Amino acid sequence: MSDTLPTPDQKLPDDHYLNATYGSGRSIRSWLLTTDHKRIALLYLCTVTVFFFIGGVFATMIRIHLLTPGGTLVTPETYNKLFTMHGVAMIFFFLIPSIPAVLGNFLIPMMIGAKDLAFPKINLLSWYIYVIGGCFVLYSFGTGGLDTGWTFYTPLSSVYSNSAVTPAVIGIFINGFSSILTGLNFIVTIHTMRAPGMTWFRLPLFVWAHYATSMVMILGTPVVAITLLLAGLERMFHLGFFNPALGGDPILFQHLFWFYSHPAVYIMVLPAMGVVSEIIPTFARKPIFGYSFIAGSSIAIAVIGFLVWAHHMFVTGQSTYAALTFSFLSYLVAIPSAVKVFNWTSTLYKGSISWDPPMIYALGFIGLFVIGGLTGLFLACLGLDIHVHDTYFVVAHFHYIMVGGAVMGYVGGLHFWWPKITGRLYPEALARAAAVVLFIGFNLTFFPQFILGYLGMPRRYHTYPPEFQVLNVLSSAGASILALGYLLPMIYFAWSMRYGKVAGPNPWPATGLEWKTASPPPTENFEVTPEVTWEPYDYNNRPDLGLSAGTPSPAPAHGDD
Amino acid sequence: MQSQLPIYPEQASNFAPHVDALMLFITGICVLFAAAITIVIIIFFFKYHRKDPNAVGIPTHEDSRLEAVWMIVPLILAMAMFGWGAVVYVDYRNAPRDTLDVYMIGKQWMWKAQQPNGLKEINELHVPVGRNIRLILASEDVIHDFFVPAFRVKMDVVPGHYNTMWFRPTKAGRYHFFCSQYCGTNHALMGGWVTVMEPSDYAAWLSDSSGGSADPVVAGEKLFIEKACITCHVPNGTGRAPSLNGMYGAQVLLADGSTVAADEAYVRESILVPNAKIVAGYQPLMPTFQGQLTEEQIISLTAYIKSLQSQPVPAKGSGIAPPTGNK
Amino acid sequence: MHRTGELYGHFETLEQQKESATLGMWIFLVTEVLFFGGLFMTYTINRRAFSTAFGIGSNTLDITLGAGNTVVLIMSSLTMAMAVWSAQVGKKKWVSGFLIATLALGTVFLGVKAVEYKQKYDHHLIPGHGFDMRYRSAHPTAGDDLKELAREKKEVETAIKSDPDINYHGQLYFSLYFGMTGLHALHMIVGAGLLLWLIKGSFAGRYTPQYNTPVEIVGLYWHFVDIVWIYLFPLLYLIDRHH
């Protein structure tokens, strides 16, 4: 039934990074003071899952509340806190760290043939900074909550709100440094720690994606840090940077805020695209089509992404010239993403396509990301944005990309690399079903919201006119299916750690360096530093994979179509 | 309330058909691309499904021409979308000259509209069909947004300065409006109704309604004297500040040689930040009234100053730029 | 912990280790540019909006102390560079000497800053309760030049006429002043800590022509902190001065 080679029964290696004792027996200390990038990745896995759960609970409450126009589950104040805290938890403490801090940390050193990241202690420090920032934000949630929207627009957040804004702002400020240090670590690692023969254009596309992501992290995050600091100071000391009553400018806040927060969405999606760029060639068993274009498009997205921020501000009264410029640039940034989609699709042509769960997730990503990305074209369009700005159309658009895209990429990546991380396989049929449940549930939840938005339902509304109810009910119903799609993997992943079939070093098989070592890997990753002499995803020239390169189906015919 | 197709609101303004057409155009392109990609992926998914577990795929080489095609074609389509959207937007941001001006003041959590004759409404806006309506938006506290789905228009209402928006209602009826910038607890309750009436009905409503208060011009004149503006802005031009006769709507000559159009924003700025622009030949003596006037008082003063358009302009002591001066 | 410049476990060669450390510091400094950049942007926009209040604020800063501090900091960058050079050519005693000199100059800078901050406190120029830009000229102390004070008083009064909210806008200036110089001072204190650590290592003879990366990267950091001040000084002290 499986499309993967039937593997002979494998045994787990005797010593690997999970059971490493560091000479003093297994202890919590060896985990909390670890500098092993793989263990740090698992520390992040635990904490981002906690925040995903918290954000998910808030989302559940929101969708239940919105089943009726009157909205009687919670009070207006509580509703406003729910959507704010959902946004803050999901964006800053789940989405931004997820793939880079979990999969990136685990895999990047292995993918380039290194023993660890360039700065392992700073890696651990990143995690602690994240935890401390998270504690501040949880403190804010627990002592009155936050009701400003995750965007903290002034003067609402700095003057008028009565919620626990200051600890939240401090928490996000601190968390920013976690991001910055991770990005710094990745960039230096990719520059200086590649194994012999691992040239830039032999790097896996996952690494290219993270390089581009890291560029955005280090350049954008400091700006939002200082912006939130200024807003916090304004609130604490009644200063007037952004408060018009004291001469300040609320639009200045928006410019400073979006200068980071737009590139931030690329921090969230570029790594997921990197995951898809790994999965597709693996499960089509052929090199990716247009490697250099996919690599280059990641960099292009990172660069152009810094130039489009004010497309969030088309109706603030900014100058028409500014609006025209930002709309034009926003259309430009769509092109590299389109290039990726076309290249992934072309990779499938004449491939040997397996229907393994990671492939289902990757294709689900492409489907949902295409819808999300295309709807971005509506929003970049000035004439249309006037109508759909700040409505559920926007909500649907960004959830398609962040949930349908980034989260699906994250979950798909976990499915792809789970055997490497844990040494175990999970039940395939269940995993494929979960992917399909996720895809269907997601569309049911968010597609009605496009229509809701065009009809005019504004976002951040705790109550709505009755004519919007049917679509809201559809959306909430879909959300229950979506929730199932997330719960299933949590269950079978946990099950697999004890009872899953032992995977062996390379169950799929895949061509990356990370698959040339045991599963789970030893602490130092490789017994001997590898030397790379092959091109990436080159299934036809890798006899070590044990595949019959040379008798593919259908009959061999070189090269292009 | 709903149009026949329950996927977009009624079209009740001059912008609505354009916005909907633009939406259909972009939807068409998107559906085309999405369908194409989906169909191709599904075909490949089934056609190239692995039969032999050992099999590998056939490498297909990078093709720069193909890459160029699928960069350029989307780019051209993107530019078309951009261009059309830009045209609609520029039209939206440039109100025509002959508008009926209504002030909309947003505050947590209600809207106050003020008609040209001073008539006030709360959470309601009455306008005549077929006329160009310009809304001058002000906020008394946080950022709000005035959004009428049936007109396909919205604009943020930002504390600290005016924003303006315009539309021409094309169909009589009652249309929902919403606040669409999150503004606190009752953001979702901060909506109301736009009532579009036949011009004759509108005129009748304007004069009939008892909900009004004093003519803003009268209120403005009172303030002008109360706040001692008149001591410097003497109408015959002999005061320490320029006469305001005929100034509204004209070009004013500034000390640095440039000119500025004397519109509402200029009047408001001159009251709140008087040293931002000094009229040529005058000293920067005017104190600021920031914090001393409410938005409504500023609106009344502006109405009064507007009413001075028809007053005789003194030969000396006016800030108006000479007509034969440099451009 | 390595004590003699040995290879960390995860690096392959010393060269790789050095390259990584140096690149890491450069990237960190790029993030610092963006960090300070946000503040500089806010300052620039607010200065344009409230040039009167910012001008008065700027006048209250002591230009002698500021200029002196600038010279001190530039000299400390020189001694820091000399320390790096000394390590590279193997003059171990000079390494310690130059590092100590850098630390001393840095401390002088911080001391002068403390004096300036105290002055602001005495003159009621700390943003918040009690802030008043008219306080100084209305409350002469012994040793003040009365003519100077009278001129200041006149200036403030003229300013108030065109900007009655001068205490609000003045607070903006001083918030940015304390924010920017405070952040800078914080970076200098961190730098002083790093210098102490380097000095300790230099006494133990750790820095040799083969291994001097810590000195080099702390040097990079120190130069960056210097450059930030070179932008801060004219922006805060020199622009809009009226006399």
# chains A, B, ... in the order shown; residues from 1 in each chain; ligands from 1
$ closest_atom_pairs --of "chain A" --to "chain C" --cutoff "6 Å" --atoms "only C-alpha atoms" --output "JSON lines"
{"residue": "A:Lys115", "atom": "CA", "partner": "C:His10", "partner_atom": "CA", "distance": 5.1}
{"residue": "A:Asp116", "atom": "CA", "partner": "C:His10", "partner_atom": "CA", "distance": 5.7}
{"residue": "A:Val188", "atom": "CA", "partner": "C:Ser20", "partner_atom": "CA", "distance": 5.9}
{"residue": "A:Thr192", "atom": "CA", "partner": "C:Ser20", "partner_atom": "CA", "distance": 6.0}
{"residue": "A:Ile218", "atom": "CA", "partner": "C:Thr31", "partner_atom": "CA", "distance": 5.6}
{"residue": "A:Leu219", "atom": "CA", "partner": "C:Thr31", "partner_atom": "CA", "distance": 5.9}
{"residue": "A:Pro222", "atom": "CA", "partner": "C:Phe35", "partner_atom": "CA", "distance": 4.6}
{"residue": "A:Val223", "atom": "CA", "partner": "C:Phe35", "partner_atom": "CA", "distance": 5.5}
$ write_last_selection --atoms "N, CA and C atoms" --output "PDB file, in the first residue's frame"
ATOM      1  N   LYS A 115      28.326  20.251  12.343  1.00  0.00           N
ATOM      2  CA  LYS A 115      28.026  19.554  13.599  1.00  0.00           C
ATOM      3  C   LYS A 115      26.977  20.312  14.407  1.00  0.00           C
ATOM      4  N   ASP A 116      26.901  21.627  14.196  1.00  0.00           N
ATOM      5  CA  ASP A 116      25.928  22.411  14.952  1.00  0.00           C
ATOM      6  C   ASP A 116      25.832  23.767  14.254  1.00  0.00           C
ATOM      7  N   VAL A 188      25.125  33.308   9.665  1.00  0.00           N
ATOM      8  CA  VAL A 188      26.546  32.993   9.833  1.00  0.00           C
ATOM      9  C   VAL A 188      26.798  31.522   9.546  1.00  0.00           C
ATOM     10  N   THR A 192      29.481  30.196   6.799  1.00  0.00           N
ATOM     11  CA  THR A 192      30.810  29.722   7.192  1.00  0.00           C
ATOM     12  C   THR A 192      30.910  28.232   7.484  1.00  0.00           C
ATOM     13  N   ILE A 218      16.561  39.774  10.718  1.00  0.00           N
ATOM     14  CA  ILE A 218      17.527  40.668  11.345  1.00  0.00           C
ATOM     15  C   ILE A 218      17.305  42.121  10.967  1.00  0.00           C
ATOM     16  N   LEU A 219      16.695  42.368   9.804  1.00  0.00           N
ATOM     17  CA  LEU A 219      16.522  43.760   9.410  1.00  0.00           C
ATOM     18  C   LEU A 219      15.207  44.338   9.918  1.00  0.00           C
ATOM     19  N   PRO A 222      14.280  44.602  14.616  1.00  0.00           N
ATOM     20  CA  PRO A 222      14.671  45.722  15.474  1.00  0.00           C
ATOM     21  C   PRO A 222      13.735  46.920  15.358  1.00  0.00           C
ATOM     22  N   VAL A 223      13.149  47.116  14.171  1.00  0.00           N
ATOM     23  CA  VAL A 223      12.285  48.286  14.004  1.00  0.00           C
ATOM     24  C   VAL A 223      11.004  48.138  14.804  1.00  0.00           C
TER      25      VAL A 223
END
$ closest_atom_pairs --of "chain B" --to "chain C" --cutoff "9 Å" --atoms "only C-alpha atoms" --output "JSON lines"
{"residue": "B:Val273", "atom": "CA", "partner": "C:Asp163", "partner_atom": "CA", "distance": 8.1}
{"residue": "B:Pro274", "atom": "CA", "partner": "C:Ser162", "partner_atom": "CA", "distance": 7.6}
{"residue": "B:Asn275", "atom": "CA", "partner": "C:Ser162", "partner_atom": "CA", "distance": 6.4}
{"residue": "B:Pro284", "atom": "CA", "partner": "C:Ser162", "partner_atom": "CA", "distance": 7.2}
{"residue": "B:Leu285", "atom": "CA", "partner": "C:Ser162", "partner_atom": "CA", "distance": 7.1}
{"residue": "B:Met286", "atom": "CA", "partner": "C:Ser162", "partner_atom": "CA", "distance": 7.1}
{"residue": "B:Pro287", "atom": "CA", "partner": "C:Ser162", "partner_atom": "CA", "distance": 6.0}
{"residue": "B:Thr288", "atom": "CA", "partner": "C:Pro164", "partner_atom": "CA", "distance": 6.9}
{"residue": "B:Phe289", "atom": "CA", "partner": "C:Pro164", "partner_atom": "CA", "distance": 9.0}
{"residue": "B:Gln290", "atom": "CA", "partner": "C:Asp165", "partner_atom": "CA", "distance": 8.3}
$ interface_residues --of "chain B" --to "chain A" --cutoff "7 Å" --atoms "only C-alpha atoms" --output "ChimeraX atom specification"
/B:7-9,19,23,26,30,34,41,44-45,48-50,53-62,70-71,74-75,78,81-82,85-86,88-90,142,149,152-156,159-160,163,180-183,185-188
$ select_by_dssp --residues "stretch 20-153 of chain B" --states "helix (DSSP H, G or I)" --output "number ranges by chain"
B: 20-47, 64-93, 149-151
$ write_last_selection --atoms "C-alpha atoms" --output "compact mmCIF listing (two decimals), in the first residue's frame"
# COMPACT_ATOMS: atom_id res chain seq x y z
CA ASP B 20 -17.59 45.31 -8.94
CA ALA B 21 -16.35 45.19 -12.52
CA LEU B 22 -12.79 45.36 -11.27
CA MET B 23 -13.56 42.57 -8.84
CA LEU B 24 -15.01 40.40 -11.59
CA PHE B 25 -11.97 41.04 -13.79
CA ILE B 26 -9.51 40.05 -11.09
CA THR B 27 -11.69 37.09 -10.04
CA GLY B 28 -11.72 35.91 -13.62
CA ILE B 29 -7.95 35.99 -13.92
CA CYS B 30 -7.53 34.32 -10.54
CA VAL B 31 -10.03 31.58 -11.27
CA LEU B 32 -8.26 30.92 -14.57
CA PHE B 33 -4.86 30.53 -12.93
CA ALA B 34 -6.15 28.62 -9.94
CA ALA B 35 -8.10 26.25 -12.11
CA ALA B 36 -5.19 25.75 -14.47
CA ILE B 37 -2.76 24.94 -11.69
CA THR B 38 -5.25 22.70 -9.88
CA ILE B 39 -6.14 20.76 -12.99
CA VAL B 40 -2.51 20.31 -14.00
CA ILE B 41 -1.53 19.17 -10.51
CA ILE B 42 -4.40 16.71 -10.35
CA ILE B 43 -3.56 15.33 -13.76
CA PHE B 44 0.12 14.88 -12.86
CA PHE B 45 -0.82 13.45 -9.46
CA PHE B 46 -2.72 10.63 -11.09
CA LYS B 47 -0.82 10.22 -14.34
CA SER B 64 14.87 29.93 -18.81
CA ARG B 65 12.47 30.81 -21.58
CA LEU B 66 9.62 29.10 -19.81
CA GLU B 67 10.59 30.91 -16.61
CA ALA B 68 10.59 34.19 -18.48
CA VAL B 69 7.15 33.49 -19.89
CA TRP B 70 5.64 32.78 -16.54
CA MET B 71 7.21 35.82 -15.06
CA ILE B 72 6.23 38.20 -17.82
CA VAL B 73 2.66 37.06 -18.42
CA PRO B 74 1.65 37.40 -14.76
CA LEU B 75 3.49 40.72 -14.65
CA ILE B 76 1.45 42.06 -17.54
CA LEU B 77 -1.77 40.88 -15.94
CA ALA B 78 -0.67 42.37 -12.63
CA MET B 79 -0.01 45.71 -14.27
CA ALA B 80 -3.49 45.63 -15.81
CA MET B 81 -4.99 45.04 -12.38
CA PHE B 82 -2.82 47.74 -10.91
CA GLY B 83 -3.69 50.22 -13.62
CA TRP B 84 -7.42 49.78 -13.47
CA GLY B 85 -7.41 49.87 -9.67
CA ALA B 86 -5.27 53.00 -9.75
CA VAL B 87 -7.69 54.78 -12.05
CA VAL B 88 -10.61 54.07 -9.73
CA TYR B 89 -8.57 55.10 -6.70
CA VAL B 90 -7.33 58.38 -8.14
CA ASP B 91 -10.91 59.25 -9.01
CA TYR B 92 -11.92 58.40 -5.46
CA ARG B 93 -9.19 60.53 -3.89
CA PRO B 149 -20.57 48.69 1.64
CA ALA B 150 -23.32 49.58 -0.82
CA PHE B 151 -21.25 52.55 -2.01
$ residues_around --residues "B:Gln309" --least-positions-apart "6" --cutoff "6 Å" --atoms "only C-alpha atoms" --output "list in words"
Asn245, Gly246 and Tyr248 of chain B
$ decode --residues "stretch 429-477 of chain A" --atoms "C-alpha atoms" --output "PDB file, in the first residue's frame"
ATOM      1  CA  ALA A 429      -3.435   6.126   6.209  1.00  0.00           C
ATOM      2  CA  LEU A 430      -4.375   8.190   9.230  1.00  0.00           C
ATOM      3  CA  ALA A 431      -1.855  10.855   8.272  1.00  0.00           C
ATOM      4  CA  ARG A 432      -3.182  11.108   4.733  1.00  0.00           C
ATOM      5  CA  ALA A 433      -6.697  11.345   6.098  1.00  0.00           C
ATOM      6  CA  ALA A 434      -5.627  14.096   8.500  1.00  0.00           C
ATOM      7  CA  ALA A 435      -4.165  16.080   5.615  1.00  0.00           C
ATOM      8  CA  VAL A 436      -7.399  15.828   3.686  1.00  0.00           C
ATOM      9  CA  VAL A 437      -9.480  16.705   6.757  1.00  0.00           C
ATOM     10  CA  LEU A 438      -7.282  19.767   7.285  1.00  0.00           C
ATOM     11  CA  PHE A 439      -7.649  20.846   3.668  1.00  0.00           C
ATOM     12  CA  ILE A 440     -11.418  20.468   3.637  1.00  0.00           C
ATOM     13  CA  GLY A 441     -11.971  21.941   7.088  1.00  0.00           C
ATOM     14  CA  PHE A 442      -9.785  24.884   6.247  1.00  0.00           C
ATOM     15  CA  ASN A 443     -11.656  25.732   3.047  1.00  0.00           C
ATOM     16  CA  LEU A 444     -15.019  25.411   4.771  1.00  0.00           C
ATOM     17  CA  THR A 445     -13.870  27.747   7.527  1.00  0.00           C
ATOM     18  CA  PHE A 446     -12.300  30.477   5.498  1.00  0.00           C
ATOM     19  CA  PHE A 447     -13.745  30.526   2.003  1.00  0.00           C
ATOM     20  CA  PRO A 448     -17.140  31.866   3.169  1.00  0.00           C
ATOM     21  CA  GLN A 449     -15.223  34.719   4.763  1.00  0.00           C
ATOM     22  CA  PHE A 450     -14.212  36.101   1.360  1.00  0.00           C
ATOM     23  CA  ILE A 451     -17.870  36.484   0.506  1.00  0.00           C
ATOM     24  CA  LEU A 452     -18.658  37.844   3.951  1.00  0.00           C
ATOM     25  CA  GLY A 453     -15.991  40.473   3.467  1.00  0.00           C
ATOM     26  CA  TYR A 454     -17.133  41.578   0.052  1.00  0.00           C
ATOM     27  CA  LEU A 455     -20.674  41.826   1.419  1.00  0.00           C
ATOM     28  CA  GLY A 456     -19.300  44.314   3.877  1.00  0.00           C
ATOM     29  CA  MET A 457     -18.848  42.597   7.225  1.00  0.00           C
ATOM     30  CA  PRO A 458     -16.006  44.424   8.952  1.00  0.00           C
ATOM     31  CA  ARG A 459     -13.422  42.518  10.940  1.00  0.00           C
ATOM     32  CA  ARG A 460     -13.035  42.557  14.725  1.00  0.00           C
ATOM     33  CA  TYR A 461     -16.798  42.652  15.177  1.00  0.00           C
ATOM     34  CA  HIS A 462     -18.326  40.920  18.193  1.00  0.00           C
ATOM     35  CA  THR A 463     -21.781  41.293  16.721  1.00  0.00           C
ATOM     36  CA  TYR A 464     -23.026  41.566  13.168  1.00  0.00           C
ATOM     37  CA  PRO A 465     -26.211  42.300  11.197  1.00  0.00           C
ATOM     38  CA  PRO A 466     -28.413  39.197  10.848  1.00  0.00           C
ATOM     39  CA  GLU A 467     -27.988  38.940   7.068  1.00  0.00           C
ATOM     40  CA  PHE A 468     -24.392  37.793   7.659  1.00  0.00           C
ATOM     41  CA  GLN A 469     -25.349  34.833   9.834  1.00  0.00           C
ATOM     42  CA  VAL A 470     -25.464  32.004   7.286  1.00  0.00           C
ATOM     43  CA  LEU A 471     -21.892  32.562   6.176  1.00  0.00           C
ATOM     44  CA  ASN A 472     -20.723  32.864   9.767  1.00  0.00           C
ATOM     45  CA  VAL A 473     -22.352  29.572  10.674  1.00  0.00           C
ATOM     46  CA  LEU A 474     -20.712  27.874   7.677  1.00  0.00           C
ATOM     47  CA  SER A 475     -17.382  29.237   8.780  1.00  0.00           C
ATOM     48  CA  SER A 476     -17.777  28.052  12.358  1.00  0.00           C
ATOM     49  CA  ALA A 477     -18.866  24.607  11.203  1.00  0.00           C
TER      50      ALA A 477
END
